[in-house]
Amino acid sequence: MADTDKTIQSGTTKAGAAVKAALAANIGVALAKFAAAAFTGSSSMFSESVHSVADCANEIVLMIGDRTSDHKSDGDHPFGLHRVKYLASFIVATLLFFVGGVFAVSQAASKLTGLLDGSIPREAEPIELVAALVVVGVSACLEGYGLHTSVHEARERMTRVKVESDSLVKFWRRTKSAELASVMMEDTLALIGLAFAGLGIGLSIATGDELYDAIGGLMVGLVLVCGSAALAFKSGSLLIGEDIDPRTREMLVEAVEGTQGVNRLINMQAIHMDEDAVLLCLKVETDKFDRDYDVQTVDKIETSIRTALPWYEWEIYVEPDIWRAQH
């Protein structure tokens with residue numbers, strides 16, 4: 001169990017370190033964007049500033065959720081506080097990302113309306129917008145490095161829990177790590193948003209028309225809103241409770257059916273309490289149906305599971321039963 005705990009703590013520590021690193025980078029990026037937005041009046045840069053503030057708030061809430069989930073329950077939560085991580089991720093998606101996106105959209109739409117009705121001059125200031133474009137380029141490099149780090153961590157996690165390597169989109173859909181799902185989504189949205197911001201600013205510089213910058217800001221806000229919907233769906237699914245990975249299920253079946261004294265695995269239900277904690281309920285048919293024998297077999301099953309999959313923290317419940325063929 002000591003090695004198991006060490007492995008679990010290692011994975012959790014990496015996730016926490018990734019969130020802290022992302023927070024530090026995003027604080028710097030947010031300050032640079034706000035300075036550029038104030039200097040240039042760029043709508044795209046202002047939307048990107050709001051985006052970065054949402055990212056920072058995201059990481060702070062995730063860190064609070066991660067710290068809270070490690071606390072011991074006082075008895076009101078018999079299976080612990082693991083799912084606080086998922087609740088934190090859901091709050092990030094439904095409140096911070098969505099509210100930030102709506103705010104950015106409203107500000108960009110207001111400027112766009114003013115430009116179209118003539119209340120705001122459409123002549124762009126190329127020199128100021130070039131400064132904003134430089135900030136976009138630097139931010140893209142930092143966010144790209146952040147996404148590279150997230151992808152590397154995702155690959156490491158797939159190796160650590162011995163699940164099949166697959167596309168990153170499928171991994172994002174299947175991962176049980178709220179922090180990793182949030183950070184990967186955050187970095188991806190940041191790069192997409194910066195692409196729209198850079199395109200809007202670049203077109204405004206080329207044409208001398210502020211309209212394109214306002215459209216870029218509007219697109220950044222819409223990206224944030226759409227991303228919040230995707231993250232809300234993912235974190236909501238985790239909060240409700242997701243099944244284990246198919247490869248993990250196969251390994252569990254092999255471990256249970258290969259245990260001495262087990263005739264048949266009748267039923268198995270598993271649910272992730274967090275990325276490293278699993279609640280497992282089994283119904284098995286044993287060689288002999290007497291209390292003492294079944295107790296020994298149950299103990300062997302638990303040992304087999306923890307030996308075969310030591311990277312998870314297991315809460316196991318086994319019920320010996322008689323298999324009945326379904327007609």
# chains A, B, ... in the order shown; residues from 1 in each chain; ligands from 1

$ closest_atom_pairs --of "segment 206-276 of chain A" --to "segment 117-137 of chain A" --cutoff "8 Å" --atoms "only C-alpha atoms" --output "JSON lines"
{"residue": "A:Gly208", "atom": "CA", "partner": "A:Ala124", "partner_atom": "CA", "distance": 4.8}
{"residue": "A:Asp209", "atom": "CA", "partner": "A:Ala124", "partner_atom": "CA", "distance": 5.3}
{"residue": "A:Glu210", "atom": "CA", "partner": "A:Arg122", "partner_atom": "CA", "distance": 4.9}
{"residue": "A:Leu211", "atom": "CA", "partner": "A:Arg122", "partner_atom": "CA", "distance": 6.5}

$ write_last_selection --atoms "C-alpha atoms" --output "CSV table (one decimal), in the first residue's frame"
chain,number,residue,atom,x,y,z
A,208,GLY,CA,-7.1,51.0,-41.0
A,209,ASP,CA,-10.6,50.1,-39.9
A,210,GLU,CA,-11.4,49.4,-36.1
A,211,LEU,CA,-14.4,47.2,-37.2

$ select_by_dssp --residues "segment 37-127 of chain A" --states "alpha helix (DSSP H)" --output "MDAnalysis selection string"
chainID A and resid 37:40 43:69 84:91 98:117 126:127

$ closest_atom_pairs --of "segment 178-296 of chain A" --to "segment 305-325 of chain A" --cutoff "12 Å" --atoms "only C-alpha atoms" --output "tab-separated table"
residue	atom	partner	partner_atom	distance
A:Ile244	CA	A:Tyr312	CA	11.0
A:Arg247	CA	A:Leu309	CA	11.3
A:Thr248	CA	A:Leu309	CA	8.2
A:Arg249	CA	A:Leu309	CA	10.5
A:Glu250	CA	A:Ala308	CA	11.2
A:Met251	CA	A:Ala308	CA	7.4
A:Leu252	CA	A:Ile305	CA	6.5
A:Val253	CA	A:Ile305	CA	9.2
A:Glu254	CA	A:Ala308	CA	9.0
A:Ala255	CA	A:Ile305	CA	5.7
A:Val256	CA	A:Ile305	CA	6.9
A:Glu257	CA	A:Ile305	CA	10.4
A:Gly258	CA	A:Ile305	CA	10.1
A:Thr259	CA	A:Ile305	CA	9.2
A:Gly261	CA	A:Pro320	CA	11.0
A:Val262	CA	A:Pro320	CA	9.4
A:Asn263	CA	A:Trp323	CA	9.5
A:Arg264	CA	A:Trp323	CA	7.8
A:Leu265	CA	A:Trp323	CA	8.7
A:Ile266	CA	A:Trp323	CA	6.3
A:Asn267	CA	A:Trp323	CA	9.6
A:Met268	CA	A:Val318	CA	9.3
A:Gln269	CA	A:Tyr317	CA	10.0
A:Ala270	CA	A:Ile316	CA	9.3
A:Ile271	CA	A:Glu315	CA	10.1
A:His272	CA	A:Trp314	CA	9.8
A:Met273	CA	A:Glu315	CA	9.6
A:Asp274	CA	A:Glu313	CA	9.6
A:Glu275	CA	A:Tyr312	CA	8.3
A:Asp276	CA	A:Tyr312	CA	5.0
A:Ala277	CA	A:Glu313	CA	4.6
A:Val278	CA	A:Trp314	CA	5.2
A:Leu279	CA	A:Glu315	CA	4.8
A:Leu280	CA	A:Ile316	CA	4.8
A:Cys281	CA	A:Tyr317	CA	4.8
A:Leu282	CA	A:Val318	CA	4.7
A:Lys283	CA	A:Glu319	CA	4.8
A:Val284	CA	A:Pro320	CA	5.0
A:Glu285	CA	A:Asp321	CA	5.2
A:Thr286	CA	A:Pro320	CA	6.6
A:Asp287	CA	A:Pro320	CA	10.1
A:Lys288	CA	A:Pro320	CA	9.8
A:Phe289	CA	A:Pro320	CA	7.9
A:Asp290	CA	A:Pro320	CA	9.5
A:Arg291	CA	A:Pro320	CA	9.3
A:Asp292	CA	A:Pro320	CA	11.6
A:Tyr293	CA	A:Pro320	CA	10.2
A:Asp294	CA	A:Pro320	CA	6.7
A:Val295	CA	A:Pro320	CA	9.0
A:Gln296	CA	A:Pro320	CA	11.2

$ residues_around --residues "Leu194 of chain A" --least-positions-apart "2" --cutoff "8 Å" --atoms "only C-alpha atoms" --output "list in words"
Glu48, Val136, Ser139, Ala140, Ala190, Leu191, Ile192, Phe196, Ala197, Gly198 and Val220 of chain A

$ closest_residue --among "A:Phe97, A:Gly144, A:Leu115, A:Ala206" --to "Cys226 of chain A" --atoms "only C-alpha atoms"
A:Phe97

$ residues_around --residues "Gly217 of chain A" --least-positions-apart "6" --cutoff "6 Å" --atoms "only C-alpha atoms" --output "number ranges by chain"
A: 43-44, 47, 108

$ residues_around --residues "Ala232 of chain A" --least-positions-apart "2" --cutoff "8 Å" --atoms "only C-alpha atoms" --output "compact mmCIF listing (two decimals) with all heavy atoms, in the first residue's frame"
# COMPACT_ATOMS: atom_id res chain seq x y z
N SER A 89 -14.49 22.40 -10.65
CA SER A 89 -14.42 22.48 -12.10
C SER A 89 -15.75 22.91 -12.70
O SER A 89 -15.81 23.70 -13.66
CB SER A 89 -14.01 21.12 -12.68
OG SER A 89 -13.93 21.17 -14.08
N PHE A 90 -16.86 22.43 -12.12
CA PHE A 90 -18.19 22.80 -12.61
C PHE A 90 -18.46 24.29 -12.36
O PHE A 90 -19.04 24.98 -13.20
CB PHE A 90 -19.25 21.94 -11.94
CG PHE A 90 -20.62 22.09 -12.53
CD1 PHE A 90 -20.92 21.51 -13.75
CD2 PHE A 90 -21.61 22.80 -11.87
CE1 PHE A 90 -22.18 21.65 -14.32
CE2 PHE A 90 -22.87 22.94 -12.42
CZ PHE A 90 -23.16 22.36 -13.65
N ALA A 93 -16.64 26.31 -14.93
CA ALA A 93 -17.28 26.27 -16.25
C ALA A 93 -18.54 27.11 -16.30
O ALA A 93 -18.75 27.90 -17.24
CB ALA A 93 -17.60 24.83 -16.62
N THR A 94 -19.41 26.95 -15.29
CA THR A 94 -20.72 27.57 -15.36
C THR A 94 -20.72 29.04 -14.93
O THR A 94 -21.56 29.80 -15.40
CB THR A 94 -21.73 26.81 -14.48
OG1 THR A 94 -21.22 26.74 -13.13
CG2 THR A 94 -21.94 25.40 -15.00
N SER A 228 -17.03 27.21 -22.26
CA SER A 228 -17.66 27.00 -20.95
C SER A 228 -18.73 25.92 -21.03
O SER A 228 -18.90 25.13 -20.10
CB SER A 228 -18.25 28.31 -20.43
OG SER A 228 -19.44 28.65 -21.13
N ALA A 229 -19.45 25.86 -22.15
CA ALA A 229 -20.48 24.83 -22.32
C ALA A 229 -19.86 23.44 -22.38
O ALA A 229 -20.35 22.48 -21.75
CB ALA A 229 -21.28 25.11 -23.59
N ALA A 230 -18.75 23.31 -23.13
CA ALA A 230 -18.08 22.01 -23.23
C ALA A 230 -17.52 21.58 -21.88
O ALA A 230 -17.63 20.41 -21.49
CB ALA A 230 -16.96 22.09 -24.28
N LYS A 234 -18.47 18.32 -19.41
CA LYS A 234 -17.48 17.36 -18.91
C LYS A 234 -17.45 17.31 -17.40
O LYS A 234 -17.51 16.22 -16.80
CB LYS A 234 -16.09 17.74 -19.45
CG LYS A 234 -14.93 16.90 -18.88
CD LYS A 234 -15.10 15.43 -19.21
CE LYS A 234 -13.97 14.61 -18.63
NZ LYS A 234 -14.17 13.16 -18.86
N SER A 235 -17.35 18.46 -16.74
CA SER A 235 -17.27 18.48 -15.28
C SER A 235 -18.57 18.02 -14.66
O SER A 235 -18.58 17.39 -13.60
CB SER A 235 -16.89 19.88 -14.78
OG SER A 235 -17.80 20.85 -15.25
N GLY A 236 -19.71 18.32 -15.29
CA GLY A 236 -20.99 17.84 -14.80
C GLY A 236 -21.08 16.33 -14.85
O GLY A 236 -21.60 15.69 -13.92

$ atom_distance --atom1 "atom CA of Ser110 of chain A" --atom2 "atom CA of Met185 of chain A"
27.5 Å
